[in-house]
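**Q** Contents of target_34.pdb (PDB, C-alpha atoms) are below:
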ATOM      1  CA  MET A   1       0.000   0.000   0.000
ATOM      2  CA  ARG A   2       2.825   2.359   0.806
ATOM      3  CA  LYS A   3       4.451   1.816  -2.607
ATOM      4  CA  PHE A   4       1.104   2.340  -4.307
ATOM      5  CA  GLY A   5       0.568   5.562  -2.398
ATOM      6  CA  TYR A   6       4.064   6.740  -3.265
ATOM      7  CA  GLY A   7       3.398   6.024  -6.939
ATOM      8  CA  LEU A   8       0.283   8.146  -6.777
ATOM      9  CA  ALA A   9       2.285  10.851  -5.098
ATOM     10  CA  VAL A  10       4.832  10.763  -7.925
ATOM     11  CA  ALA A  11       2.069  11.218 -10.483
ATOM     12  CA  ALA A  12       0.427  13.948  -8.443
ATOM     13  CA  ALA A  13       3.693  15.822  -8.049
ATOM     14  CA  ALA A  14       4.393  15.642 -11.769
ATOM     15  CA  MET A  15       0.894  16.836 -12.613
ATOM     16  CA  THR A  16       1.128  19.658 -10.109
ATOM     17  CA  ALA A  17       4.468  20.765 -11.514
ATOM     18  CA  SER A  18       3.106  20.743 -15.055
ATOM     19  CA  SER A  19      -0.216  22.473 -14.352
ATOM     20  CA  ALA A  20       1.274  25.150 -12.130
ATOM     21  CA  SER A  21       4.103  25.964 -14.483
ATOM     22  CA  ALA A  22       2.515  27.784 -17.410
ATOM     23  CA  ALA A  23       2.124  31.457 -16.515
ATOM     24  CA  VAL A  24      -0.161  33.519 -18.763
ATOM     25  CA  LEU A  25       1.855  36.349 -20.297
ATOM     26  CA  LEU A  26      -0.896  37.753 -22.510
ATOM     27  CA  SER A  27      -4.613  37.037 -22.868
ATOM     28  CA  ASP A  28      -6.636  39.227 -25.225
ATOM     29  CA  ASP A  29     -10.004  38.933 -26.976
ATOM     30  CA  MET A  30      -8.909  41.814 -29.229
ATOM     31  CA  SER A  31     -11.803  44.036 -28.182
ATOM     32  CA  THR A  32      -9.328  46.911 -27.705
ATOM     33  CA  GLY A  33      -5.883  47.762 -29.046
ATOM     34  CA  ALA A  34      -4.349  48.444 -25.639
ATOM     35  CA  ASN A  35      -1.755  45.664 -25.989
ATOM     36  CA  TRP A  36      -0.824  46.270 -29.632
ATOM     37  CA  THR A  37       0.937  48.520 -32.138
ATOM     38  CA  VAL A  38      -0.257  48.702 -35.757
ATOM     39  CA  ASN A  39       2.156  48.932 -38.687
ATOM     40  CA  GLY A  40       0.615  48.737 -42.145
ATOM     41  CA  THR A  41       1.024  49.969 -45.703
ATOM     42  CA  ALA A  42      -1.140  52.705 -47.269
ATOM     43  CA  ASP A  43      -4.227  50.638 -48.138
ATOM     44  CA  SER A  44      -4.544  48.566 -44.977
ATOM     45  CA  LEU A  45      -6.706  48.857 -41.892
ATOM     46  CA  ALA A  46      -6.923  47.407 -38.362
ATOM     47  CA  THR A  47     -10.197  47.608 -36.431
ATOM     48  CA  PHE A  48     -10.151  46.429 -32.821
ATOM     49  CA  GLY A  49     -13.426  45.391 -31.217
ATOM     50  CA  TYR A  50     -15.055  44.740 -34.586
ATOM     51  CA  ASP A  51     -18.427  42.967 -34.201
ATOM     52  CA  TYR A  52     -18.082  40.218 -36.790
ATOM     53  CA  SER A  53     -21.718  39.176 -36.441
ATOM     54  CA  ALA A  54     -22.270  42.157 -38.780
ATOM     55  CA  ILE A  55     -21.021  39.969 -41.646
ATOM     56  CA  GLY A  56     -22.707  36.794 -40.412
ATOM     57  CA  VAL A  57     -19.673  35.099 -38.854
ATOM     58  CA  PRO A  58     -20.533  32.793 -35.912
ATOM     59  CA  MET A  59     -18.997  33.253 -32.486
ATOM     60  CA  ALA A  60     -15.478  31.857 -32.147
ATOM     61  CA  PRO A  61     -15.045  28.723 -30.002
ATOM     62  CA  GLY A  62     -14.477  29.622 -26.368
ATOM     63  CA  ALA A  63     -15.339  33.288 -26.916
ATOM     64  CA  THR A  64     -17.816  35.221 -24.787
ATOM     65  CA  ASN A  65     -18.652  37.851 -27.400
ATOM     66  CA  THR A  66     -18.475  38.482 -31.148
ATOM     67  CA  LEU A  67     -15.748  41.112 -30.971
ATOM     68  CA  ALA A  68     -12.380  40.611 -32.673
ATOM     69  CA  LEU A  69      -9.561  42.335 -34.486
ATOM     70  CA  ARG A  70     -10.437  42.876 -38.159
ATOM     71  CA  LEU A  71      -7.540  43.309 -40.615
ATOM     72  CA  GLU A  72      -7.907  44.495 -44.218
ATOM     73  CA  ALA A  73      -5.571  44.988 -47.176
ATOM     74  CA  ASN A  74      -6.327  46.372 -50.660
ATOM     75  CA  ASN A  75      -9.901  47.210 -49.706
ATOM     76  CA  GLY A  76      -9.956  50.951 -50.252
ATOM     77  CA  ASP A  77      -7.980  53.066 -52.689
ATOM     78  CA  ALA A  78      -6.785  52.202 -56.173
ATOM     79  CA  THR A  79      -3.102  51.741 -55.353
ATOM     80  CA  THR A  80      -1.293  49.122 -57.355
ATOM     81  CA  GLY A  81       0.912  46.503 -55.791
ATOM     82  CA  ALA A  82       1.039  44.513 -52.589
ATOM     83  CA  GLU A  83      -0.445  45.726 -49.312
ATOM     84  CA  SER A  84       0.175  44.260 -45.858
ATOM     85  CA  ILE A  85      -0.449  44.981 -42.200
ATOM     86  CA  GLY A  86       1.118  43.737 -38.986
ATOM     87  CA  VAL A  87      -0.325  44.179 -35.514
ATOM     88  CA  HIS A  88       2.532  43.704 -33.050
ATOM     89  CA  SER A  89       2.248  42.963 -29.333
ATOM     90  CA  ASN A  90       3.688  45.625 -27.055
ATOM     91  CA  THR A  91       5.035  42.778 -24.921
ATOM     92  CA  VAL A  92       8.275  41.124 -26.005
ATOM     93  CA  PHE A  93       8.357  37.362 -25.457
ATOM     94  CA  SER A  94      11.478  35.270 -24.952
ATOM     95  CA  GLY A  95      12.608  31.887 -23.714
ATOM     96  CA  THR A  96      10.220  28.980 -24.086
ATOM     97  CA  TYR A  97       6.636  30.091 -24.690
ATOM     98  CA  GLN A  98       3.493  29.123 -26.537
ATOM     99  CA  VAL A  99       1.032  31.200 -28.564
ATOM    100  CA  THR A 100      -2.565  30.123 -29.137
ATOM    101  CA  LEU A 101      -5.020  32.111 -31.247
ATOM    102  CA  ASN A 102      -8.114  31.793 -33.407
ATOM    103  CA  PHE A 103      -8.324  33.291 -36.888
ATOM    104  CA  TRP A 104     -10.998  33.470 -39.580
ATOM    105  CA  ALA A 105     -10.316  34.296 -43.243
ATOM    106  CA  ASN A 106     -13.256  35.842 -45.132
ATOM    107  CA  TYR A 107     -13.185  36.741 -48.822
ATOM    108  CA  THR A 108     -15.340  37.882 -51.731
ATOM    109  CA  GLY A 109     -17.375  35.042 -53.262
ATOM    110  CA  PRO A 110     -18.378  32.894 -55.034
ATOM    111  CA  LEU A 111     -16.308  30.704 -52.754
ATOM    112  CA  GLU A 112     -14.923  28.000 -55.055
ATOM    113  CA  PHE A 113     -12.604  30.263 -57.021
ATOM    114  CA  GLY A 114     -13.251  33.571 -55.279
ATOM    115  CA  GLY A 115     -14.517  36.850 -56.654
ATOM    116  CA  ALA A 116     -12.530  39.920 -57.654
ATOM    117  CA  GLY A 117      -9.471  40.507 -55.471
ATOM    118  CA  SER A 118     -10.248  37.567 -53.200
ATOM    119  CA  THR A 119      -6.738  36.150 -52.663
ATOM    120  CA  GLU A 120      -5.225  37.367 -49.392
ATOM    121  CA  PHE A 121      -2.984  35.813 -46.747
ATOM    122  CA  ILE A 122      -3.610  35.451 -43.020
ATOM    123  CA  GLY A 123      -1.331  34.231 -40.258
ATOM    124  CA  ALA A 124       1.036  35.148 -37.450
ATOM    125  CA  ALA A 125       4.697  35.687 -36.607
ATOM    126  CA  ILE A 126       6.897  35.351 -33.535
ATOM    127  CA  GLY A 127      10.140  37.167 -32.818
ATOM    128  CA  HIS A 128       9.048  40.290 -34.673
ATOM    129  CA  ASP A 129      11.048  43.432 -33.941
ATOM    130  CA  GLY A 130       7.847  45.507 -33.752
ATOM    131  CA  ALA A 131       8.980  47.980 -36.405
ATOM    132  CA  ALA A 132       9.659  46.174 -39.685
ATOM    133  CA  ALA A 133       7.031  45.412 -42.327
ATOM    134  CA  ALA A 134       4.756  42.487 -41.518
ATOM    135  CA  PHE A 135       6.793  39.733 -43.211
ATOM    136  CA  ASP A 136      10.290  41.145 -42.769
ATOM    137  CA  SER A 137      11.069  40.186 -39.175
ATOM    138  CA  GLY A 138      10.811  37.008 -37.121
ATOM    139  CA  ALA A 139       9.286  33.713 -38.228
ATOM    140  CA  ASN A 140       5.793  33.517 -39.674
ATOM    141  CA  LEU A 141       3.250  31.203 -41.249
ATOM    142  CA  THR A 142       0.372  32.364 -43.466
ATOM    143  CA  PHE A 143      -2.347  30.787 -45.620
ATOM    144  CA  THR A 144      -4.645  32.023 -48.363
ATOM    145  CA  GLY A 145      -8.315  32.066 -47.515
ATOM    146  CA  ASP A 146      -9.430  31.129 -51.038
ATOM    147  CA  ALA A 147      -6.603  28.854 -52.331
ATOM    148  CA  GLY A 148      -6.060  31.383 -55.116
ATOM    149  CA  SER A 149      -2.270  31.526 -55.163
ATOM    150  CA  GLY A 150       0.343  29.226 -56.647
ATOM    151  CA  THR A 151       1.736  28.959 -53.106
ATOM    152  CA  ASP A 152      -1.164  28.929 -50.637
ATOM    153  CA  LEU A 153       1.007  28.074 -47.634
ATOM    154  CA  ARG A 154       3.896  30.453 -46.985
ATOM    155  CA  ALA A 155       6.502  30.545 -44.240
ATOM    156  CA  HIS A 156       9.064  33.330 -43.909
ATOM    157  CA  GLU A 157      12.207  33.766 -41.834
ATOM    158  CA  ASN A 158      13.215  37.446 -41.593
ATOM    159  CA  GLY A 159      11.428  38.096 -44.875
ATOM    160  CA  THR A 160      12.934  35.094 -46.693
ATOM    161  CA  LEU A 161      10.283  32.795 -48.164
ATOM    162  CA  GLN A 162      10.953  29.173 -47.204
ATOM    163  CA  GLY A 163      10.598  26.355 -49.716
ATOM    164  CA  LEU A 164      10.150  22.649 -49.117
ATOM    165  CA  GLY A 165      13.858  22.192 -49.719
ATOM    166  CA  ASP A 166      14.658  24.445 -46.774
ATOM    167  CA  GLY A 167      13.315  21.783 -44.412
ATOM    168  CA  GLY A 168      11.046  21.913 -41.406
ATOM    169  CA  PHE A 169       7.734  21.356 -43.200
ATOM    170  CA  ASN A 170       5.422  18.451 -42.407
ATOM    171  CA  GLY A 171       7.022  15.419 -44.056
ATOM    172  CA  LEU A 172       3.783  14.508 -45.846
ATOM    173  CA  LEU A 173       3.848  17.698 -47.899
ATOM    174  CA  THR A 174       5.113  17.411 -51.471
ATOM    175  CA  GLY A 175       4.059  20.964 -52.309
ATOM    176  CA  LEU A 176       2.744  24.140 -50.697
ATOM    177  CA  ASN A 177      -0.411  24.638 -52.742
ATOM    178  CA  HIS A 178      -3.996  23.908 -51.694
ATOM    179  CA  PRO A 179      -4.179  20.293 -53.003
ATOM    180  CA  ASN A 180      -1.191  19.445 -50.796
ATOM    181  CA  ILE A 181      -2.613  21.279 -47.783
ATOM    182  CA  GLY A 182      -5.981  19.577 -48.143
ATOM    183  CA  GLY A 183      -4.968  16.193 -49.501
ATOM    184  CA  GLU A 184      -1.629  15.451 -47.864
ATOM    185  CA  ILE A 185      -1.949  16.853 -44.346
ATOM    186  CA  GLY A 186      -5.759  17.014 -44.278
ATOM    187  CA  LEU A 187      -6.164  20.663 -43.367
ATOM    188  CA  PHE A 188      -9.140  22.826 -44.317
ATOM    189  CA  PRO A 189     -11.880  20.614 -45.807
ATOM    190  CA  PRO A 190     -14.398  22.341 -48.122
ATOM    191  CA  THR A 191     -16.968  24.535 -46.388
ATOM    192  CA  GLY A 192     -19.592  27.108 -47.242
ATOM    193  CA  ALA A 193     -20.124  30.636 -46.027
ATOM    194  CA  PRO A 194     -22.349  30.986 -42.961
ATOM    195  CA  ALA A 195     -26.018  31.176 -43.920
ATOM    196  CA  ALA A 196     -26.272  34.546 -42.186
ATOM    197  CA  GLN A 197     -23.525  35.931 -44.440
ATOM    198  CA  THR A 198     -25.089  34.570 -47.632
ATOM    199  CA  LEU A 199     -28.366  36.194 -46.618
ATOM    200  CA  LEU A 200     -26.603  39.548 -46.271
ATOM    201  CA  HIS A 201     -24.368  39.076 -49.340
ATOM    202  CA  PRO A 202     -25.964  36.778 -51.944
ATOM    203  CA  ALA A 203     -22.697  36.330 -53.893
ATOM    204  CA  GLN A 204     -21.263  34.343 -50.947
ATOM    205  CA  ILE A 205     -22.289  30.994 -52.443
ATOM    206  CA  GLU A 206     -20.622  27.659 -53.355
ATOM    207  CA  PHE A 207     -17.945  25.897 -51.264
ATOM    208  CA  THR A 208     -14.263  26.495 -50.638
ATOM    209  CA  ARG A 209     -11.741  24.184 -52.245
ATOM    210  CA  ALA A 210      -9.966  21.631 -50.042
ATOM    211  CA  GLY A 211      -6.895  23.286 -48.565
ATOM    212  CA  ALA A 212      -8.410  26.780 -48.491
ATOM    213  CA  ALA A 213      -8.295  28.269 -44.994
ATOM    214  CA  GLY A 214     -11.393  30.443 -45.353
ATOM    215  CA  PHE A 215     -14.796  30.401 -43.705
ATOM    216  CA  ALA A 216     -14.080  28.575 -40.459
ATOM    217  CA  TRP A 217     -12.520  29.472 -37.149
ATOM    218  CA  ARG A 218      -8.996  28.027 -37.158
ATOM    219  CA  GLU A 219      -6.708  27.512 -34.172
ATOM    220  CA  MET A 220      -3.014  28.285 -34.589
ATOM    221  CA  VAL A 221      -0.534  27.156 -31.943
ATOM    222  CA  ILE A 222       3.091  28.341 -32.063
ATOM    223  CA  THR A 223       5.524  26.703 -29.653
ATOM    224  CA  VAL A 224       8.856  28.480 -29.267
ATOM    225  CA  SER A 225      11.849  26.782 -27.677
ATOM    226  CA  GLY A 226      15.530  27.493 -28.152
ATOM    227  CA  THR A 227      16.205  28.200 -31.816
ATOM    228  CA  ARG A 228      12.907  26.793 -33.069
ATOM    229  CA  ALA A 229       9.317  27.855 -33.636
ATOM    230  CA  LYS A 230       6.820  25.050 -34.292
ATOM    231  CA  PHE A 231       3.586  26.065 -36.067
ATOM    232  CA  GLU A 232       0.454  23.915 -35.796
ATOM    233  CA  VAL A 233      -3.016  24.653 -37.187
ATOM    234  CA  ASP A 234      -6.148  22.787 -36.105
ATOM    235  CA  GLY A 235      -3.928  20.225 -34.389
ATOM    236  CA  VAL A 236      -1.777  19.532 -37.483
ATOM    237  CA  HIS A 237       1.964  20.231 -37.536
ATOM    238  CA  VAL A 238       2.650  22.478 -40.535
ATOM    239  CA  VAL A 239       6.252  23.666 -40.186
ATOM    240  CA  THR A 240       9.050  24.084 -37.664
ATOM    241  CA  LEU A 241      11.333  27.027 -38.444
ATOM    242  CA  ASP A 242      14.878  27.033 -37.040
ATOM    243  CA  ASN A 243      17.009  30.154 -36.838
ATOM    244  CA  THR A 244      20.254  28.216 -37.233
ATOM    245  CA  ASP A 245      19.667  27.564 -40.944
ATOM    246  CA  GLY A 246      21.129  30.836 -42.188
ATOM    247  CA  THR A 247      18.374  33.441 -41.885
ATOM    248  CA  GLY A 248      19.036  34.030 -38.198
ATOM    249  CA  PHE A 249      15.586  35.212 -37.136
ATOM    250  CA  SER A 250      15.155  35.892 -33.435
ATOM    251  CA  THR A 251      12.794  33.868 -31.261
ATOM    252  CA  THR A 252      12.719  36.830 -28.876
ATOM    253  CA  GLY A 253      10.346  39.599 -29.898
ATOM    254  CA  SER A 254       6.732  40.571 -30.399
ATOM    255  CA  LEU A 255       3.880  38.371 -31.493
ATOM    256  CA  SER A 256       2.611  39.762 -34.791
ATOM    257  CA  LEU A 257      -0.791  39.155 -36.371
ATOM    258  CA  ILE A 258      -0.381  39.617 -40.109
ATOM    259  CA  TYR A 259      -2.625  40.010 -43.121
ATOM    260  CA  ALA A 260      -1.584  40.717 -46.694
ATOM    261  CA  ASP A 261      -2.568  40.983 -50.330
ATOM    262  CA  PHE A 262       0.472  40.246 -52.510
ATOM    263  CA  PHE A 263      -1.437  41.212 -55.641
ATOM    264  CA  SER A 264      -2.654  44.543 -57.031
ATOM    265  CA  SER A 265      -6.390  43.826 -57.325
ATOM    266  CA  ILE A 266      -8.930  45.570 -55.079
ATOM    267  CA  ALA A 267     -11.486  43.413 -53.269
ATOM    268  CA  GLY A 268     -14.765  43.146 -55.163
ATOM    269  CA  ASN A 269     -16.777  43.351 -51.943
ATOM    270  CA  PRO A 270     -14.699  45.060 -49.223
ATOM    271  CA  ALA A 271     -17.385  44.413 -46.600
ATOM    272  CA  VAL A 272     -16.598  40.687 -46.560
ATOM    273  CA  SER A 273     -12.885  40.846 -47.408
ATOM    274  CA  ALA A 274     -11.027  40.634 -44.088
ATOM    275  CA  GLY A 275      -9.187  38.527 -41.559
ATOM    276  CA  LEU A 276     -10.381  38.180 -37.963
ATOM    277  CA  TYR A 277      -8.402  37.373 -34.797
ATOM    278  CA  THR A 278      -9.538  36.565 -31.271
ATOM    279  CA  ASN A 279      -8.674  34.421 -28.218
ATOM    280  CA  VAL A 280      -4.994  35.387 -28.331
ATOM    281  CA  VAL A 281      -3.107  33.791 -25.426
ATOM    282  CA  VAL A 282       0.631  33.587 -24.759
ATOM    283  CA  THR A 283       1.917  31.376 -21.950
ATOM    284  CA  ASP A 284       5.382  30.956 -20.516
ATOM    285  CA  VAL A 285       6.418  27.303 -20.698
ATOM    286  CA  PRO A 286       9.414  26.452 -18.458
ATOM    287  CA  GLU A 287      12.138  24.215 -19.810
ATOM    288  CA  PRO A 288      11.723  20.457 -19.111
ATOM    289  CA  ALA A 289      14.586  20.568 -16.611
ATOM    290  CA  SER A 290      12.707  23.167 -14.572
ATOM    291  CA  LEU A 291       9.596  20.997 -14.556
ATOM    292  CA  ALA A 292      11.621  17.996 -13.415
ATOM    293  CA  LEU A 293      13.082  19.981 -10.534
ATOM    294  CA  MET A 294       9.629  21.163  -9.493
ATOM    295  CA  GLY A 295       8.331  17.617  -9.533
ATOM    296  CA  LEU A 296      11.341  16.347  -7.583
ATOM    297  CA  GLY A 297      10.854  19.039  -4.966
ATOM    298  CA  GLY A 298       7.255  17.933  -4.513
ATOM    299  CA  LEU A 299       8.345  14.318  -4.109
ATOM    300  CA  MET A 300      10.930  15.181  -1.466
ATOM    301  CA  MET A 301       8.285  16.987   0.542
ATOM    302  CA  LEU A 302       6.002  13.960   0.312
ATOM    303  CA  ARG A 303       8.767  11.546   1.344
ATOM    304  CA  ARG A 304       9.574  13.613   4.439
ATOM    305  CA  ARG A 305       6.035  13.013   5.636
TER     306      ARG A 305
END
Could you take the file, read its structure, and then write that structure out as structure tokens?
**A**
Amino acid sequence: MRKFGYGLAVAAAAMTASSASAAVLLSDDMSTGANWTVNGTADSLATFGYDYSAIGVPMAPGATNTLALRLEANNGDATTGAESIGVHSNTVFSGTYQVTLNFWANYTGPLEFGGAGSTEFIGAAIGHDGAAAAFDSGANLTFTGDAGSGTDLRAHENGTLQGLGDGGFNGLLTGLNHPNIGGEIGLFPPTGAPAAQTLLHPAQIEFTRAGAAGFAWREMVITVSGTRAKFEVDGVHVVTLDNTDGTGFSTTGSLSLIYADFFSSIAGNPAVSAGLYTNVVVTDVPEPASLALMGLGGLMMLRRR
């Protein structure tokens, strides 16, 4: 009985060490911009506390309201060329930490191939210096909402686009276009626009193509440890970026929420052309050695009894 009780104590100590270890460094529903700095090009816009029910988007999982950060690019003037926006955390994160967030990519329909100006990228970066353009600092991962690009999955290190040959991508991927995203790693099955949105905007019909990130709440998790940043979406490992491969990005820096249009076309229906972010949480995750020491300390206390 004593050995059995000690075994339970070991498990309890380990669980206590693990559960008590992750301190919340940032938790934000994006209803205000108090924790953020906006840096965007001429035709871009950030709206904090945007009520996304206005375009028929359902409440995000785990949310308590329908407020979020809305990001737009190439929605307004007639400028030609790419537009991008980065919303950088005022807090700088370092060490071993984990980012969790929900994003939603909305675009001009019809959904299968998208309407005018529908192809835009949504994602996030870690290690951003808080001043550079959205893609030019840190490590990031972005997706198209409509699968309308020749490369629908893009990862950058300090502004350098990473290819499959650079390593770190999910080993099942043979390409970075929507058929690979949908067929090889099983992300983003076809879906339709919410009925409430189609009622408001009748052109929002048909279904997305497999591998298109649009029209569903997605969960991105970024785990940063040492020289590496591991990006997962909806529970699927997408890419692990390592700053020892030549680009030298920093894993210390701001979290950046990024949205971009790499093309010159203006959105056909700006009202529904946007990216949404909510449920942004950053936690400090101690190194495994620290957890082991915490667990051992708990065991020693138990043994002394």
**Q** Taking all atoms listed in the file into account, which of A:Gln197, A:Thr240, A:Thr208, A:Asn39 comes nearest Ala139 of chain A?
**A** A:Thr240
**Q** Which residues, written as a list of chain:residue names, have at least one atom at most 8 Å from segment 89-98 of chain A, with all atoms listed in the file counted and residues fewer than 6 positions away on the same chain left out?
**A**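 Using all atoms listed in the file, the neighbours found are A:Asn35, A:Trp36, A:Thr37, A:Gly127, A:Gly130, A:Val221, A:Ile222, A:Thr223, A:Val224, A:Ser225, A:Gly226, A:Thr251, A:Thr252, A:Gly253, A:Ser254, A:Leu255, A:Ser256, A:Val282, A:Thr283, A:Asp284, A:Val285, A:Pro286, A:Glu287.
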**Q** With a distance cut-off of 9 Å and only C-alpha atoms, select the neighbouring residues of Ile181 of chain A, excluding the residue or stretch itself and same-chain residues fewer than 3 positions from it, and output the selection as a ChimeraX atom specification.
**A** /A:152-153,173,175-178,184-188,210-212
**Q** Could you work out how far atom CA of Phe262 of chain A lies from atom CA of Ala193 of chain A, giving the answer in Å with one decimal?
**A** 23.6 Å
**Q** Which residues are near Pro110 of chain A? Cut-off 10 Å, all atoms listed in the file, ignore same chain within fewer than 3 positions. Put them as a ChimeraX atom specification.
**A** /A:107,113-116,118,146,192-193,202-208
**Q** Taking 2 positions as the minimum chain separation for residues in the same chain, which residues sit within 6 Å of Phe135 of chain A when counting only C-alpha atoms? Answer as an mmCIF file with C-alpha atoms, in the coordinates of the input.
**A**
data_model
loop_
_atom_site.group_PDB
_atom_site.id
_atom_site.type_symbol
_atom_site.label_atom_id
_atom_site.label_comp_id
_atom_site.auth_asym_id
_atom_site.auth_seq_id
_atom_site.Cartn_x
_atom_site.Cartn_y
_atom_site.Cartn_z
ATOM 1 C CA ALA A 133 7.031 45.412 -42.327
ATOM 2 C CA SER A 137 11.069 40.186 -39.175
ATOM 3 C CA GLY A 159 11.428 38.096 -44.875
#
**Q** Quick one: pull the distance between atom CA of Val239 of chain A and atom CA of Leu26 of chain A, Å, one decimal.
**A**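 So the answer is 23.7 Å.
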**Q** Atom CA of Gly182 of chain A and atom CA of Val236 of chain A, how far apart in Å?
**A**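 Those two atoms sit 11.5 Å apart.
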**Q** Which one of A:Leu69, A:Gly138, A:Ala105, A:Glu120 sits closest to Thr151 of chain A if you count only C-alpha atoms?
**A**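 Closest to Thr151 of chain A, using only C-alpha atoms: A:Glu120.
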**Q** Please identify all polymer residues within 10 Å of Leu71 of chain A, counting all atoms listed in the file, omitting same-chain residues fewer than 2 positions from it, and present them as a ChimeraX atom specification.
**A** /A:40,44-48,50,68-69,73,84-87,105,122,257-260,273-277
**Q** For Thr100 of chain A, which of A:Phe121, A:Phe143, A:Phe231, A:Phe169 is the closest residue, counting all atoms listed in the file?
**A**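 Looking only at the distances to Thr100 of chain A, the closest residue turns out to be A:Phe231.
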**Q** So which residues get picked by the PyMOL selection byres ((chain A and resi 155) around 7) here, written as a ChimeraX atom specification?
**A** /A:140-142,153-154,156-157,161-162
**Q** Given the PyMOL selection byres ((chain A and resi 75) around 6) and the file above, list the residues it selects as a tab-separated table (two decimals) with C-alpha atoms, in the frame of the given file.
**A**
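Saved to expr.tsv:
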chain	number	residue	atom	x	y	z
A	73	ALA	CA	-5.57	44.99	-47.18
A	74	ASN	CA	-6.33	46.37	-50.66
A	76	GLY	CA	-9.96	50.95	-50.25
A	266	ILE	CA	-8.93	45.57	-55.08
A	267	ALA	CA	-11.49	43.41	-53.27
A	270	PRO	CA	-14.70	45.06	-49.22
**Q** With the file shown as input, list the residues that the PyMOL selection byres ((chain A and resi 217) around 6) selects, as a list in words.
**A**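 With the shown file as input, the PyMOL selection byres ((chain A and resi 217) around 6) matches Phe103, Trp104, Ala216 and Arg218 of chain A.
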**Q** With all atoms listed in the file as the atoms that count, which of A:Ser264, A:Thr66, A:Ser149, A:Thr108 lies nearest to Ala54 of chain A?
**A**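 So, comparing all the options, the nearest one is A:Thr66.
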**Q** Could segment 57-70 of chain A be completed with N, CA and C atoms and written as a JSON list (two decimals), in the frame of the given file, please?
**A**
[["chain", "number", "residue", "atom", "x", "y", "z"],
["A", 57, "VAL", "N", -20.64, 36.09, -39.33],
["A", 57, "VAL", "CA", -19.67, 35.10, -38.85],
["A", 57, "VAL", "C", -20.10, 34.63, -37.47],
["A", 58, "PRO", "N", -20.13, 33.30, -37.22],
["A", 58, "PRO", "CA", -20.53, 32.79, -35.91],
["A", 58, "PRO", "C", -19.48, 33.06, -34.84],
["A", 59, "MET", "N", -19.90, 33.00, -33.59],
["A", 59, "MET", "CA", -19.00, 33.25, -32.49],
["A", 59, "MET", "C", -17.86, 32.24, -32.48],
["A", 60, "ALA", "N", -16.65, 32.72, -32.20],
["A", 60, "ALA", "CA", -15.48, 31.86, -32.15],
["A", 60, "ALA", "C", -15.59, 30.89, -30.98],
["A", 61, "PRO", "N", -15.01, 29.69, -31.11],
["A", 61, "PRO", "CA", -15.04, 28.72, -30.00],
["A", 61, "PRO", "C", -14.37, 29.29, -28.76],
["A", 62, "GLY", "N", -15.03, 29.14, -27.62],
["A", 62, "GLY", "CA", -14.48, 29.62, -26.37],
["A", 62, "GLY", "C", -14.63, 31.10, -26.12],
["A", 63, "ALA", "N", -15.17, 31.85, -27.08],
["A", 63, "ALA", "CA", -15.34, 33.29, -26.92],
["A", 63, "ALA", "C", -16.60, 33.59, -26.11],
["A", 64, "THR", "N", -16.64, 34.79, -25.54],
["A", 64, "THR", "CA", -17.82, 35.22, -24.79],
["A", 64, "THR", "C", -18.55, 36.36, -25.48],
["A", 65, "ASN", "N", -18.00, 36.79, -26.64],
["A", 65, "ASN", "CA", -18.65, 37.85, -27.40],
["A", 65, "ASN", "C", -18.27, 37.70, -28.87],
["A", 66, "THR", "N", -18.78, 38.54, -29.72],
["A", 66, "THR", "CA", -18.48, 38.48, -31.15],
["A", 66, "THR", "C", -17.59, 39.66, -31.57],
["A", 67, "LEU", "N", -16.69, 40.05, -30.66],
["A", 67, "LEU", "CA", -15.75, 41.11, -30.97],
["A", 67, "LEU", "C", -14.39, 40.51, -31.32],
["A", 68, "ALA", "N", -13.68, 41.12, -32.24],
["A", 68, "ALA", "CA", -12.38, 40.61, -32.67],
["A", 68, "ALA", "C", -11.59, 41.74, -33.31],
["A", 69, "LEU", "N", -10.37, 41.45, -33.65],
["A", 69, "LEU", "CA", -9.56, 42.34, -34.49],
["A", 69, "LEU", "C", -9.87, 42.01, -35.94],
["A", 70, "ARG", "N", -10.21, 43.03, -36.72],
["A", 70, "ARG", "CA", -10.44, 42.88, -38.16],
["A", 70, "ARG", "C", -9.27, 43.54, -38.90]]
